[in-house]
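Novice: Structure supplied as my_file30.tsv; contents: TSV, C-alpha atoms.
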chain	number	residue	atom	x	y	z
I	1	MET	CA	0.00	0.00	0.00
I	2	SER	CA	1.61	3.29	-1.13
I	3	LYS	CA	1.00	6.21	1.23
I	4	LEU	CA	1.96	9.86	0.99
I	5	LEU	CA	2.51	11.70	4.28
I	6	ILE	CA	2.14	15.49	4.07
I	7	VAL	CA	3.20	17.56	7.10
I	8	ASP	CA	1.74	20.97	7.90
I	9	GLY	CA	5.12	22.22	9.07
I	10	HIS	CA	4.32	25.37	11.00
I	11	ALA	CA	1.13	23.97	12.53
I	12	VAL	CA	3.10	21.02	13.89
I	13	ILE	CA	6.04	23.07	15.17
I	14	HIS	CA	3.66	25.46	16.98
I	15	ARG	CA	1.99	22.47	18.63
I	16	ALA	CA	5.39	21.01	19.49
I	17	TYR	CA	6.59	24.24	21.08
I	18	HIS	CA	3.69	24.29	23.52
I	19	SER	CA	3.94	20.55	24.25
I	20	ILE	CA	7.67	20.14	24.94
I	21	PRO	CA	9.41	21.76	27.96
I	22	LYS	CA	12.20	24.22	27.27
I	23	LEU	CA	15.23	22.56	25.71
I	24	THR	CA	18.40	24.22	24.43
I	25	SER	CA	21.40	23.32	22.31
I	26	ASN	CA	24.40	25.65	22.62
I	27	GLY	CA	22.08	28.28	24.08
I	28	GLN	CA	19.55	28.02	21.23
I	29	PRO	CA	16.00	26.92	22.15
I	30	VAL	CA	15.23	23.69	20.28
I	31	ASN	CA	12.20	22.22	22.06
I	32	ALA	CA	9.92	22.94	19.07
I	33	ILE	CA	12.42	21.38	16.65
I	34	TYR	CA	12.73	18.33	18.89
I	35	GLY	CA	8.95	17.98	19.16
I	36	PHE	CA	8.47	18.40	15.41
I	37	TYR	CA	10.81	15.54	14.58
I	38	SER	CA	9.47	13.42	17.43
I	39	MET	CA	5.97	13.65	15.98
I	40	LEU	CA	7.30	13.10	12.46
I	41	LEU	CA	9.04	9.87	13.50
I	42	SER	CA	5.92	8.67	15.32
I	43	ALA	CA	3.80	9.26	12.20
I	44	ILE	CA	6.33	7.54	9.95
I	45	TYR	CA	6.48	4.44	12.14
I	46	GLN	CA	2.70	4.39	12.55
I	47	LEU	CA	1.79	4.93	8.89
I	48	LYS	CA	4.87	3.58	7.06
I	49	PRO	CA	4.58	6.06	4.15
I	50	LYS	CA	6.41	5.59	0.89
I	51	TYR	CA	6.50	9.35	0.25
I	52	LEU	CA	7.00	12.35	2.57
I	53	ILE	CA	6.46	16.08	1.93
I	54	VAL	CA	6.53	19.04	4.35
I	55	CYS	CA	4.65	22.23	3.44
I	56	LEU	CA	5.65	25.53	5.04
I	57	ASP	CA	4.22	29.04	5.26
I	58	SER	CA	6.25	31.78	3.57
I	59	PRO	CA	7.13	35.17	5.09
I	60	GLY	CA	5.07	38.12	3.95
I	61	PRO	CA	1.39	38.68	3.13
I	62	THR	CA	-0.81	36.18	1.32
I	63	PHE	CA	-3.69	36.76	-1.07
I	64	ARG	CA	-6.03	36.53	1.92
I	65	GLN	CA	-4.55	39.71	3.42
I	66	THR	CA	-5.15	41.37	0.05
I	67	GLU	CA	-8.80	40.26	0.12
I	68	PHE	CA	-9.33	41.24	3.77
I	69	VAL	CA	-6.88	43.52	5.57
I	70	GLY	CA	-8.03	42.24	8.96
I	71	TYR	CA	-7.16	38.60	8.17
I	72	ARG	CA	-5.33	37.12	11.20
I	73	ALA	CA	-4.83	40.66	12.53
I	74	LYS	CA	-5.73	39.71	16.11
I	75	ARG	CA	-3.34	36.78	16.44
I	76	LYS	CA	-0.85	37.07	19.27
I	77	VAL	CA	2.80	37.46	18.37
I	78	PRO	CA	4.52	34.10	19.02
I	79	ASP	CA	7.08	33.76	21.80
I	80	LEU	CA	10.60	34.80	20.82
I	81	ASP	CA	11.84	31.30	21.69
I	82	LEU	CA	9.47	29.90	19.06
I	83	ILE	CA	10.25	32.57	16.47
I	84	SER	CA	13.97	31.76	16.78
I	85	GLN	CA	13.26	28.13	15.87
I	86	LEU	CA	11.22	28.75	12.71
I	87	PRO	CA	14.27	29.31	10.46
I	88	LEU	CA	15.76	26.15	11.99
I	89	LEU	CA	12.77	24.14	10.80
I	90	LYS	CA	13.45	24.99	7.16
I	91	SER	CA	17.21	24.56	7.43
I	92	THR	CA	16.99	21.22	9.26
I	93	LEU	CA	14.50	19.90	6.70
I	94	GLU	CA	16.97	20.84	3.98
I	95	GLN	CA	19.77	19.11	5.88
I	96	SER	CA	17.65	15.99	6.27
I	97	LEU	CA	16.87	15.93	2.50
I	98	ILE	CA	13.12	15.89	3.20
I	99	LYS	CA	11.15	17.41	0.33
I	100	THR	CA	9.59	20.76	1.26
I	101	PHE	CA	7.30	23.26	-0.45
I	102	SER	CA	6.72	26.94	0.30
I	103	LEU	CA	5.49	29.68	-2.01
I	104	GLY	CA	5.12	33.42	-1.48
I	105	GLY	CA	1.54	34.67	-1.47
I	106	PHE	CA	0.10	31.33	-0.34
I	107	GLU	CA	-0.24	29.56	2.99
I	108	ALA	CA	0.97	26.06	3.67
I	109	ASP	CA	-2.72	25.05	3.67
I	110	ASP	CA	-2.96	25.91	-0.04
I	111	LEU	CA	0.17	23.94	-0.86
I	112	ILE	CA	-1.18	21.00	1.13
I	113	GLY	CA	-4.50	21.28	-0.70
I	114	THR	CA	-2.77	21.26	-4.07
I	115	VAL	CA	-0.34	18.44	-3.30
I	116	SER	CA	-3.01	16.25	-1.71
I	117	ARG	CA	-5.47	16.81	-4.58
I	118	GLN	CA	-2.91	16.06	-7.28
I	119	SER	CA	-1.50	13.05	-5.44
I	120	ALA	CA	-4.89	11.52	-4.62
I	121	LYS	CA	-5.60	11.31	-8.35
I	122	LYS	CA	-2.64	9.02	-8.89
I	123	LYS	CA	-3.56	5.35	-9.04
I	124	PHE	CA	-0.36	4.22	-7.32
I	125	ILE	CA	-1.20	6.28	-4.21
I	126	ASP	CA	-3.59	4.43	-1.94
I	127	GLN	CA	-3.81	6.98	0.86
I	128	VAL	CA	-2.76	10.58	1.56
I	129	VAL	CA	-2.37	11.47	5.24
I	130	ILE	CA	-1.90	15.07	6.39
I	131	ILE	CA	-0.34	15.78	9.80
I	132	THR	CA	-1.83	18.98	11.18
I	133	GLY	CA	-3.47	20.55	14.18
I	134	ASP	CA	-5.57	22.86	12.00
I	135	LYS	CA	-9.29	22.02	11.72
I	136	ASP	CA	-9.52	24.16	8.56
I	137	LEU	CA	-7.88	21.27	6.71
I	138	MET	CA	-10.88	19.05	7.46
I	139	GLN	CA	-12.37	20.44	4.23
I	140	LEU	CA	-9.76	18.35	2.36
I	141	VAL	CA	-10.82	15.02	3.87
I	142	THR	CA	-12.08	12.35	1.50
I	143	SER	CA	-12.12	8.57	1.50
I	144	LYS	CA	-8.52	8.76	0.22
I	145	VAL	CA	-7.26	11.91	1.98
I	146	ASN	CA	-7.23	11.73	5.79
I	147	LEU	CA	-5.88	13.90	8.60
I	148	LEU	CA	-3.63	12.79	11.45
I	149	MET	CA	-4.31	15.24	14.27
I	150	PRO	CA	-2.92	15.55	17.80
I	151	VAL	CA	-5.59	14.91	20.41
I	152	ARG	CA	-3.50	15.53	23.50
I	153	GLY	CA	0.03	16.90	23.40
I	154	LEU	CA	2.03	15.17	20.69
I	155	SER	CA	1.78	11.55	21.75
I	156	GLU	CA	-1.96	10.93	21.33
I	157	THR	CA	-3.25	11.30	17.77
I	158	LYS	CA	-6.35	10.45	15.77
I	159	ILE	CA	-6.95	9.72	12.10
I	160	PHE	CA	-9.84	11.78	10.70
I	161	LYS	CA	-11.84	10.26	7.87
I	162	PRO	CA	-15.08	11.76	6.48
I	163	GLN	CA	-17.30	10.36	9.24
I	164	ASP	CA	-14.88	11.60	11.91
I	165	VAL	CA	-15.22	15.13	10.54
I	166	VAL	CA	-19.00	14.85	10.79
I	167	GLU	CA	-18.71	13.67	14.39
I	168	LYS	CA	-16.28	16.49	15.26
I	169	LEU	CA	-17.85	19.46	13.45
I	170	GLY	CA	-21.41	18.36	12.73
I	171	VAL	CA	-21.00	18.81	8.97
I	172	LYS	CA	-19.45	16.89	6.07
I	173	PRO	CA	-15.94	17.82	4.89
I	174	LYS	CA	-17.28	19.59	1.79
I	175	GLN	CA	-19.47	21.76	4.08
I	176	VAL	CA	-16.62	22.98	6.32
I	177	ILE	CA	-16.05	26.06	4.14
I	178	ASP	CA	-19.70	27.09	4.38
I	179	LEU	CA	-19.73	26.39	8.11
I	180	LYS	CA	-16.93	28.93	8.48
I	181	ALA	CA	-18.71	31.29	6.09
I	182	LEU	CA	-21.64	31.38	8.50
I	183	MET	CA	-19.78	31.26	11.81
I	184	GLY	CA	-16.68	33.23	10.88
I	185	ASP	CA	-13.36	32.39	12.48
I	186	MET	CA	-12.00	34.14	15.59
I	187	SER	CA	-8.50	32.78	15.05
I	188	ASP	CA	-8.21	34.04	11.48
I	189	ASN	CA	-10.37	37.09	12.31
I	190	TYR	CA	-12.87	36.92	9.49
I	191	PRO	CA	-16.44	37.89	10.27
I	192	GLY	CA	-19.05	35.39	9.07
I	193	VAL	CA	-22.65	36.25	9.91
I	194	ALA	CA	-23.01	38.12	13.20
I	195	GLY	CA	-25.21	36.21	15.63
I	196	ILE	CA	-24.90	32.85	13.85
I	197	GLY	CA	-23.19	30.35	16.12
I	198	PRO	CA	-22.27	26.69	15.62
I	199	LYS	CA	-25.73	25.25	16.29
I	200	ALA	CA	-27.56	27.61	13.93
I	201	ALA	CA	-24.90	27.17	11.24
I	202	ILE	CA	-25.04	23.37	11.47
I	203	ASP	CA	-28.84	23.40	11.41
I	204	LEU	CA	-28.85	25.58	8.29
I	205	LEU	CA	-26.34	23.37	6.48
I	206	THR	CA	-28.16	20.21	7.51
I	207	GLU	CA	-31.36	21.63	6.02
I	208	TYR	CA	-29.99	23.39	2.94
I	209	GLN	CA	-26.55	21.78	2.39
I	210	THR	CA	-24.70	24.82	0.96
I	211	LEU	CA	-24.38	28.56	1.51
I	212	ASP	CA	-25.77	29.24	-1.96
I	213	ASN	CA	-28.81	27.09	-1.26
I	214	ILE	CA	-29.38	28.83	2.07
I	215	TYR	CA	-29.63	32.19	0.31
I	216	GLN	CA	-31.73	30.73	-2.50
I	217	ASN	CA	-34.23	29.63	0.15
I	218	ILE	CA	-33.89	32.69	2.37
I	219	ASP	CA	-37.69	33.28	2.47
I	220	LYS	CA	-38.21	29.86	4.07
I	221	ILE	CA	-35.89	30.61	7.01
I	222	LYS	CA	-37.36	31.94	10.25
I	223	PRO	CA	-37.26	35.75	10.50
I	224	SER	CA	-34.74	36.08	13.33
I	225	ILE	CA	-32.14	34.08	11.39
I	226	ARG	CA	-33.17	35.45	7.99
I	227	GLU	CA	-32.51	39.05	9.05
I	228	LYS	CA	-28.97	38.21	10.17
I	229	LEU	CA	-28.25	36.35	6.95
I	230	ILE	CA	-29.51	39.20	4.79
I	231	LYS	CA	-27.62	41.84	6.76
I	232	ASP	CA	-24.28	40.02	6.58
I	233	LYS	CA	-24.55	38.32	3.19
I	234	ASN	CA	-21.40	40.05	1.91
I	235	ASN	CA	-19.47	38.99	4.99
I	236	ALA	CA	-20.67	35.42	4.57
I	237	TYR	CA	-19.34	35.20	1.02
I	238	LEU	CA	-16.12	37.00	1.95
I	239	SER	CA	-15.60	34.51	4.77
I	240	GLN	CA	-16.34	31.62	2.42
I	241	LYS	CA	-13.61	32.86	0.07
I	242	LEU	CA	-11.09	33.30	2.88
I	243	ALA	CA	-11.85	29.84	4.29
I	244	THR	CA	-11.46	28.06	0.97
I	245	ILE	CA	-8.14	26.24	0.61
I	246	ILE	CA	-6.68	26.66	-2.87
I	247	ASP	CA	-6.01	23.27	-4.44
I	248	ASN	CA	-4.85	24.17	-7.95
I	249	ILE	CA	-1.57	26.07	-7.50
I	250	PRO	CA	0.66	25.26	-10.49
I	251	LEU	CA	3.27	23.29	-8.57
I	252	ASN	CA	5.80	21.31	-10.54
I	253	PHE	CA	6.69	18.27	-8.47
I	254	LYS	CA	7.29	14.57	-8.85
I	255	LEU	CA	6.42	12.20	-6.04
I	256	SER	CA	9.51	10.18	-6.89
I	257	GLN	CA	11.55	13.11	-5.52
I	258	SER	CA	9.85	12.81	-2.13
I	259	ARG	CA	10.41	9.12	-1.46
I	260	TRP	CA	11.31	8.14	2.10
I	261	CYS	CA	14.69	6.48	1.80
I	262	ASP	CA	17.89	5.46	3.59
I	263	GLN	CA	19.55	8.76	2.67
I	264	ILE	CA	16.96	10.63	4.72
I	265	VAL	CA	17.47	8.22	7.63
I	266	PHE	CA	21.23	8.80	7.56
I	267	SER	CA	20.78	12.57	7.27
I	268	LEU	CA	18.34	12.63	10.19
I	269	ASP	CA	20.78	10.60	12.27
I	270	LYS	CA	23.49	13.18	11.58
I	271	LEU	CA	21.07	16.04	12.33
I	272	PHE	CA	19.89	14.53	15.63
I	273	LYS	CA	23.49	13.95	16.72
I	274	SER	CA	24.34	17.59	16.02
I	275	TYR	CA	21.58	18.64	18.44
I	276	ASN	CA	22.24	15.79	20.88
I	277	PHE	CA	18.66	14.52	20.52
I	278	LYS	CA	19.56	11.18	22.11
I	279	SER	CA	16.05	9.74	22.31
I	280	LEU	CA	15.38	10.57	18.65
I	281	ILE	CA	18.68	8.95	17.65
I	282	PHE	CA	17.68	5.83	19.57
I	283	ARG	CA	14.23	5.72	17.95
I	284	LEU	CA	15.73	6.22	14.50
I	285	ASP	CA	18.31	3.48	15.10
I	286	GLN	CA	15.68	1.07	16.38
I	287	LYS	CA	13.55	1.51	13.27
I	288	SER	CA	16.29	1.66	10.65
I	289	LYS	CA	17.95	-1.68	11.23
I	290	PRO	CA	18.35	-3.64	7.94
I	291	GLN	CA	15.88	-6.35	8.87
I	292	GLN	CA	13.22	-3.69	9.50
I	293	SER	CA	13.94	-1.60	6.42
I	294	SER	CA	10.54	-2.50	4.98
I	295	LEU	CA	9.11	0.08	7.39
I	296	PHE	CA	10.46	2.72	5.06
Please express what this file holds, its structure, as structure tokens.

Specialist:
Amino acid sequence: MSKLLIVDGHAVIHRAYHSIPKLTSNGQPVNAIYGFYSMLLSAIYQLKPKYLIVCLDSPGPTFRQTEFVGYRAKRKVPDLDLISQLPLLKSTLEQSLIKTFSLGGFEADDLIGTVSRQSAKKKFIDQVVIITGDKDLMQLVTSKVNLLMPVRGLSETKIFKPQDVVEKLGVKPKQVIDLKALMGDMSDNYPGVAGIGPKAAIDLLTEYQTLDNIYQNIDKIKPSIREKLIKDKNNAYLSQKLATIIDNIPLNFKLSQSRWCDQIVFSLDKLFKSYNFKSLIFRLDQKSKPQQSSLF
């Protein structure tokens, strides 16, 4: 069974930073780097992927800031100890020979959407698994594209398939965008429809399926909800646009260039030794013995 593992790089390193106690190497904080690779190894040994890609955010504004100046404007500035480790993530991935993608003007989510969509079409790929802590990516879930999400810390994870998304959010994966269009998103700071919370949004999508169909049947909706929808129609469609992950960026990539291989194992071993990540070295050694090479 051929699997592709896609890692939402910055989402995972943020999660790692808040899950791993402070750790330094030559005075440089490295707890987030350690946690990132710890979770990566766990996912590799759990899923045994044939291919591995990490997608990263790029510095500077994205098209979403162009569409809505307030996008993510209320997010707290990350701790300096975390900020200092973000360049290390990219450089250590390069050192480890792991295939990465980043592109100015787009978020990692859009790169993940594009890579997962293109890869899922390939007959030789049986499953695409995305490691992330971001519920926005639940819109990408299909029978072939699943999420691997931390449930508690970094050690406890859960695979999300279509039915798991329904159980978690109350809507199908393809309805996640419209759910956010109605509710808005406090984290990303886009508005949605004022006064429409999760229950009302789920009820509307259960009844009418899509945002377009909700507005096409606006006269059938009870007055108290109808007034809110009419008043904030523009915000609803703006929020829908902001929530939509782009899945057709013209990326030129070959999966053969992202194959998990012995060269990556050797490079990771060298990287972990340079940071004195003894437990990661041990885990890598345990799983990369010749008789167990089929894991990779």

Novice: Show which residues sit within 9 Å of range 135-146 of chain I, as a list in words. Count all atoms listed in the file, and ignore same-chain residues fewer than 5 positions away.

Specialist: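 That gives Asp109, Ile112, Gly113, Ser116, Arg117, Ala120, Ile125, Asp126, Gln127, Val128, Val129, Ile130, Ile159, Phe160, Lys161, Pro162, Val165, Lys172, Pro173, Lys174, Gln175, Val176, Ile177, Lys180, Ala243, Thr244 and Ile245 of chain I.
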
Novice: Provide the CA of Leu47 in chain I to CA of Met149 in chain I distance in Å, to one decimal place.

Specialist: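 Rounded to one decimal, the two atoms are 13.1 Å apart.
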
Novice: Dump as CSV the rows for residues of range 121-198 of chain I within 6 Å of range 7-31 of chain I: closest atom pair and distance in Å with one decimal, only C-alpha atoms counted, ordered by chain and rising residue number.

Specialist:
residue,atom,partner,partner_atom,distance
I:Ile130,CA,I:Val7,CA,5.7
I:Ile131,CA,I:Val7,CA,4.8
I:Thr132,CA,I:Asp8,CA,5.2
I:Gly133,CA,I:Ala11,CA,6.0
I:Gly153,CA,I:Ser19,CA,5.4

Novice: Find the distance between CA of Lys222 in chain I and CA of Asn189 in chain I and write it in Å to one decimal.

Specialist: 27.6 Å

Novice: Between CA of Lys123 in chain I and CA of Leu251 in chain I, what is the distance in Å, rounded to a tenth?

Specialist: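 Straight-line distance from CA of Lys123 in chain I to CA of Leu251 in chain I works out to 19.2 Å.
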
Novice: For range 245-263 of chain I, take all atoms listed in the file, fit an axis-aligned box around them, add 3 Å to each of the six sides, then output centre and edge lengths in Å rounded to one decimal, as lines of an AutoDock Vina configuration file.

Specialist:
center_x = 5.7
center_y = 16.1
center_z = -3.5
size_x = 33.7
size_y = 27.2
size_z = 20.1

Novice: Give the answer as one residue: which of I:Leu284, I:Tyr190, I:Pro78, I:Ser279 has the shortest atom-to-atom distance to Gly35 in chain I, using only C-alpha atoms?

Specialist: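 Selected residue with least distance to Gly35 in chain I: I:Ser279.
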